[in-house]
Amino acid sequence: MALESAARDGEILIKKVMSWDGNEFQFAIQLIESDMLDINRNEIMQGGASIRMGVDRDKYKRTIAYWIKTADGRSEPIPANEIIHLYRPDWVGQSRGVPETAAPATRLKQIDAHEEAHVVASGIAALG
């Protein structure tokens, strides 16, 4: 499920649940879909720290927390050491994942617009 979500959405968050009493290892994982990140949480703090699209980073751009939406619509920070952020970074400093279909979808949209322009131009030429 995690790999499927990461491919479809570009990323998934995996929370490590320590001291869980549901098994003998007292450990579990919780999958958190990327749309649970609070993308409206954006802030630039003094000294270079920042929060961008729910990802809280220190002045060295190390992730220190993820702002996850709660059931009541607010968000709370989850420390980065409790989260595995599964995504494929494509550039330095990237804080969020990009879906695998993002580039092809953009290209297909451009091709569609080109074909539509061709049909309109042909129709205009046929009238004249």
# chains A, B, ... in the order shown; residues from 1 in each chain; ligands from 1

call {"tool": "residues_around", "arguments": {"residues": "A:Gly48", "least_positions_apart": "6", "cutoff": "8 Å", "atoms": "only C-alpha atoms", "output": "compact mmCIF listing (two decimals) with N, CA and C atoms, in the first residue's frame"}}
result
# COMPACT_ATOMS: atom_id res chain seq x y z
N ASP A 58 14.61 23.21 9.95
CA ASP A 58 15.46 24.13 10.69
C ASP A 58 16.27 24.99 9.72
N LYS A 59 17.14 25.81 10.24
CA LYS A 59 17.90 26.73 9.39
C LYS A 59 18.84 26.01 8.43
N TYR A 60 19.16 24.74 8.70
CA TYR A 60 20.02 23.96 7.80
C TYR A 60 19.20 23.12 6.81

call {"tool": "residues_around", "arguments": {"residues": "stretch 37-43 of chain A", "least_positions_apart": "3", "cutoff": "7 Å", "atoms": "only C-alpha atoms", "output": "PyMOL selection string"}}
result
chain A and resi 34+50-54+67-69+75

call {"tool": "atom_distance", "arguments": {"atom1": "atom CA of A:Val17", "atom2": "atom CA of A:Gln30"}}
result
7.0 Å

call {"tool": "residues_around", "arguments": {"residues": "A:Leu31", "least_positions_apart": "3", "cutoff": "9 Å", "atoms": "only C-alpha atoms", "output": "JSON, numbers by chain"}}
result
{"A": [1, 2, 12, 13, 14, 15]}

call {"tool": "closest_residue", "arguments": {"among": "A:Asp112, A:Glu82, A:Glu4, A:Glu100", "to": "A:Ala28", "atoms": "only C-alpha atoms"}}
result
A:Glu82

call {"tool": "residues_around", "arguments": {"residues": "A:Lys61", "least_positions_apart": "3", "cutoff": "12 Å", "atoms": "only C-alpha atoms", "output": "PyMOL selection string"}}
result
chain A and resi 44+47-52+55-58+64-65+92-95

call {"tool": "write_last_selection", "arguments": {"atoms": "N, CA, C and O atoms", "output": "CSV table (one decimal), in the first residue's frame"}}
result
chain,number,residue,atom,x,y,z
A,44,ILE,N,7.9,31.5,7.5
A,44,ILE,CA,9.4,31.7,7.5
A,44,ILE,C,9.7,32.4,8.8
A,44,ILE,O,9.2,33.4,9.1
A,47,GLY,N,16.1,33.5,11.5
A,47,GLY,CA,17.2,32.6,11.5
A,47,GLY,C,17.2,31.6,10.4
A,47,GLY,O,18.1,30.7,10.3
A,48,GLY,N,16.3,31.6,9.5
A,48,GLY,CA,16.3,30.7,8.4
A,48,GLY,C,15.4,29.5,8.4
A,48,GLY,O,15.3,28.7,7.5
A,49,ALA,N,14.8,29.2,9.6
A,49,ALA,CA,13.9,28.0,9.7
A,49,ALA,C,12.6,28.4,9.0
A,49,ALA,O,12.3,29.5,8.8
A,50,SER,N,11.9,27.3,8.5
A,50,SER,CA,10.7,27.6,7.7
A,50,SER,C,9.8,26.4,7.8
A,50,SER,O,10.2,25.2,8.1
A,51,ILE,N,8.5,26.6,7.5
A,51,ILE,CA,7.5,25.6,7.3
A,51,ILE,C,7.0,25.8,5.9
A,51,ILE,O,6.5,26.9,5.6
A,52,ARG,N,7.1,24.8,5.1
A,52,ARG,CA,6.6,24.9,3.7
A,52,ARG,C,5.7,23.7,3.4
A,52,ARG,O,6.1,22.6,3.5
A,55,VAL,N,5.8,21.0,6.0
A,55,VAL,CA,7.1,20.4,6.4
A,55,VAL,C,7.9,21.4,7.1
A,55,VAL,O,8.2,22.5,6.5
A,56,ASP,N,8.2,21.2,8.4
A,56,ASP,CA,8.9,22.1,9.2
A,56,ASP,C,10.4,21.8,9.2
A,56,ASP,O,10.8,20.7,9.4
A,57,ARG,N,11.2,22.8,8.8
A,57,ARG,CA,12.7,22.6,8.7
A,57,ARG,C,13.4,23.6,9.5
A,57,ARG,O,13.0,24.8,9.6
A,58,ASP,N,14.6,23.2,9.9
A,58,ASP,CA,15.5,24.1,10.7
A,58,ASP,C,16.3,25.0,9.7
A,58,ASP,O,16.1,24.9,8.5
A,64,ILE,N,12.4,18.8,10.7
A,64,ILE,CA,12.3,18.6,12.2
A,64,ILE,C,10.9,18.1,12.6
A,64,ILE,O,10.7,17.6,13.6
A,65,ALA,N,9.9,18.4,11.7
A,65,ALA,CA,8.5,18.0,12.1
A,65,ALA,C,7.6,18.0,10.8
A,65,ALA,O,8.0,18.7,9.8
A,92,VAL,N,17.8,19.2,-5.0
A,92,VAL,CA,18.3,19.6,-3.7
A,92,VAL,C,17.2,20.4,-3.0
A,92,VAL,O,16.7,21.4,-3.6
A,93,GLY,N,17.0,20.1,-1.8
A,93,GLY,CA,16.0,20.9,-1.0
A,93,GLY,C,14.6,20.6,-1.1
A,93,GLY,O,13.7,21.3,-0.5
A,94,GLN,N,14.3,19.6,-1.9
A,94,GLN,CA,12.9,19.2,-2.2
A,94,GLN,C,12.3,18.7,-0.9
A,94,GLN,O,12.9,17.9,-0.2
A,95,SER,N,11.1,19.2,-0.5
A,95,SER,CA,10.5,18.8,0.8
A,95,SER,C,9.3,17.9,0.6
A,95,SER,O,8.8,17.3,1.6

call {"tool": "closest_residue", "arguments": {"among": "A:Arg62, A:Ala71, A:Ile32, A:Asn81", "to": "A:Met18", "atoms": "only C-alpha atoms"}}
result
A:Asn81

call {"tool": "atom_distance", "arguments": {"atom1": "atom CA of A:Gly97", "atom2": "atom CA of A:Pro79"}}
result
18.6 Å

call {"tool": "select_by_dssp", "arguments": {"residues": "stretch 38-97 of chain A", "states": "strand (DSSP E)", "output": "number ranges by chain"}}
result
A: 43-44, 50-52, 55-57, 63-69, 75-79, 83-87

call {"tool": "atom_distance", "arguments": {"atom1": "atom CA of A:Val98", "atom2": "atom CA of A:Ser5"}}
result
11.5 Å

call {"tool": "select_by_dssp", "arguments": {"residues": "stretch 5-39 of chain A", "states": "alpha helix (DSSP H)", "output": "list in words"}}
result
Ser5, Ala6, Ala7, Arg8 and Asp9 of chain A

call {"tool": "decode", "arguments": {"residues": "stretch 54-83 of chain A", "atoms": "N, CA, C and O atoms", "output": "mmCIF file, in the first residue's frame"}}
result
data_model
loop_
_atom_site.group_PDB
_atom_site.id
_atom_site.type_symbol
_atom_site.label_atom_id
_atom_site.label_comp_id
_atom_site.auth_asym_id
_atom_site.auth_seq_id
_atom_site.Cartn_x
_atom_site.Cartn_y
_atom_site.Cartn_z
ATOM 1 N N GLY A 54 3.485 22.284 5.180
ATOM 2 C CA GLY A 54 3.377 21.350 6.288
ATOM 3 C C GLY A 54 4.666 20.673 6.705
ATOM 4 O O GLY A 54 4.671 19.876 7.637
ATOM 5 N N VAL A 55 5.775 20.971 6.034
ATOM 6 C CA VAL A 55 7.066 20.373 6.381
ATOM 7 C C VAL A 55 7.893 21.438 7.097
ATOM 8 O O VAL A 55 8.224 22.469 6.521
ATOM 9 N N ASP A 56 8.209 21.173 8.354
ATOM 10 C CA ASP A 56 8.926 22.103 9.226
ATOM 11 C C ASP A 56 10.420 21.792 9.172
ATOM 12 O O ASP A 56 10.825 20.665 9.447
ATOM 13 N N ARG A 57 11.217 22.800 8.799
ATOM 14 C CA ARG A 57 12.663 22.600 8.654
ATOM 15 C C ARG A 57 13.439 23.623 9.466
ATOM 16 O O ARG A 57 13.004 24.765 9.609
ATOM 17 N N ASP A 58 14.609 23.207 9.946
ATOM 18 C CA ASP A 58 15.458 24.129 10.686
ATOM 19 C C ASP A 58 16.269 24.989 9.717
ATOM 20 O O ASP A 58 16.094 24.896 8.496
ATOM 21 N N LYS A 59 17.142 25.813 10.240
ATOM 22 C CA LYS A 59 17.896 26.733 9.388
ATOM 23 C C LYS A 59 18.841 26.014 8.428
ATOM 24 O O LYS A 59 19.264 26.581 7.436
ATOM 25 N N TYR A 60 19.161 24.745 8.697
ATOM 26 C CA TYR A 60 20.017 23.957 7.797
ATOM 27 C C TYR A 60 19.196 23.122 6.808
ATOM 28 O O TYR A 60 19.719 22.282 6.103
ATOM 29 N N LYS A 61 17.885 23.351 6.801
ATOM 30 C CA LYS A 61 16.926 22.670 5.915
ATOM 31 C C LYS A 61 16.738 21.197 6.268
ATOM 32 O O LYS A 61 16.282 20.407 5.444
ATOM 33 N N ARG A 62 17.064 20.835 7.501
ATOM 34 C CA ARG A 62 16.772 19.481 7.984
ATOM 35 C C ARG A 62 15.328 19.458 8.458
ATOM 36 O O ARG A 62 14.887 20.363 9.175
ATOM 37 N N THR A 63 14.590 18.435 8.075
ATOM 38 C CA THR A 63 13.201 18.324 8.502
ATOM 39 C C THR A 63 13.154 17.995 9.985
ATOM 40 O O THR A 63 13.800 17.050 10.437
ATOM 41 N N ILE A 64 12.383 18.788 10.733
ATOM 42 C CA ILE A 64 12.272 18.561 12.173
ATOM 43 C C ILE A 64 10.862 18.135 12.589
ATOM 44 O O ILE A 64 10.692 17.555 13.649
ATOM 45 N N ALA A 65 9.869 18.401 11.742
ATOM 46 C CA ALA A 65 8.495 17.986 12.063
ATOM 47 C C ALA A 65 7.633 18.019 10.811
ATOM 48 O O ALA A 65 7.965 18.676 9.826
ATOM 49 N N TYR A 66 6.521 17.294 10.889
ATOM 50 C CA TYR A 66 5.503 17.299 9.842
ATOM 51 C C TYR A 66 4.199 17.737 10.494
ATOM 52 O O TYR A 66 3.793 17.184 11.514
ATOM 53 N N TRP A 67 3.539 18.729 9.913
ATOM 54 C CA TRP A 67 2.266 19.220 10.434
ATOM 55 C C TRP A 67 1.140 18.405 9.808
ATOM 56 O O TRP A 67 0.839 18.541 8.631
ATOM 57 N N ILE A 68 0.536 17.549 10.621
ATOM 58 C CA ILE A 68 -0.498 16.621 10.171
ATOM 59 C C ILE A 68 -1.864 17.117 10.640
ATOM 60 O O ILE A 68 -2.037 17.500 11.799
ATOM 61 N N LYS A 69 -2.852 17.100 9.729
ATOM 62 C CA LYS A 69 -4.206 17.517 10.075
ATOM 63 C C LYS A 69 -4.832 16.533 11.065
ATOM 64 O O LYS A 69 -4.639 15.315 10.943
ATOM 65 N N THR A 70 -5.581 17.087 11.998
ATOM 66 C CA THR A 70 -6.290 16.267 12.975
ATOM 67 C C THR A 70 -7.761 16.165 12.574
ATOM 68 O O THR A 70 -8.207 16.835 11.643
ATOM 69 N N ALA A 71 -8.498 15.351 13.290
ATOM 70 C CA ALA A 71 -9.910 15.133 12.968
ATOM 71 C C ALA A 71 -10.740 16.408 13.084
ATOM 72 O O ALA A 71 -11.748 16.557 12.394
ATOM 73 N N ASP A 72 -10.326 17.341 13.939
ATOM 74 C CA ASP A 72 -11.089 18.576 14.122
ATOM 75 C C ASP A 72 -10.691 19.684 13.152
ATOM 76 O O ASP A 72 -11.124 20.827 13.295
ATOM 77 N N GLY A 73 -9.852 19.359 12.163
ATOM 78 C CA GLY A 73 -9.495 20.332 11.136
ATOM 79 C C GLY A 73 -8.256 21.150 11.434
ATOM 80 O O GLY A 73 -7.784 21.882 10.581
ATOM 81 N N ARG A 74 -7.744 21.055 12.642
ATOM 82 C CA ARG A 74 -6.495 21.750 12.956
ATOM 83 C C ARG A 74 -5.330 20.854 12.549
ATOM 84 O O ARG A 74 -5.528 19.800 11.962
ATOM 85 N N SER A 75 -4.119 21.265 12.852
ATOM 86 C CA SER A 75 -2.968 20.411 12.574
ATOM 87 C C SER A 75 -2.025 20.450 13.766
ATOM 88 O O SER A 75 -2.011 21.412 14.536
ATOM 89 N N GLU A 76 -1.260 19.391 13.897
ATOM 90 C CA GLU A 76 -0.297 19.304 14.985
ATOM 91 C C GLU A 76 1.032 18.791 14.442
ATOM 92 O O GLU A 76 1.053 18.003 13.489
ATOM 93 N N PRO A 77 2.148 19.240 15.035
ATOM 94 C CA PRO A 77 3.446 18.786 14.544
ATOM 95 C C PRO A 77 3.773 17.385 15.069
ATOM 96 O O PRO A 77 3.591 17.095 16.241
ATOM 97 N N ILE A 78 4.237 16.539 14.176
ATOM 98 C CA ILE A 78 4.735 15.218 14.549
ATOM 99 C C ILE A 78 6.245 15.275 14.318
ATOM 100 O O ILE A 78 6.691 15.597 13.208
ATOM 101 N N PRO A 79 7.063 14.981 15.342
ATOM 102 C CA PRO A 79 8.517 15.060 15.180
ATOM 103 C C PRO A 79 9.004 14.183 14.020
ATOM 104 O O PRO A 79 8.513 13.069 13.815
ATOM 105 N N ALA A 80 9.969 14.681 13.289
ATOM 106 C CA ALA A 80 10.481 13.975 12.106
ATOM 107 C C ALA A 80 11.086 12.620 12.451
ATOM 108 O O ALA A 80 11.047 11.708 11.623
ATOM 109 N N ASN A 81 11.604 12.462 13.662
ATOM 110 C CA ASN A 81 12.190 11.165 14.017
ATOM 111 C C ASN A 81 11.134 10.079 14.218
ATOM 112 O O ASN A 81 11.455 8.915 14.342
ATOM 113 N N GLU A 82 9.848 10.463 14.215
ATOM 114 C CA GLU A 82 8.758 9.491 14.306
ATOM 115 C C GLU A 82 8.157 9.174 12.935
ATOM 116 O O GLU A 82 7.245 8.365 12.831
ATOM 117 N N ILE A 83 8.662 9.834 11.891
ATOM 118 C CA ILE A 83 8.084 9.708 10.550
ATOM 119 C C ILE A 83 9.130 9.238 9.543
ATOM 120 O O ILE A 83 10.260 9.706 9.542
#
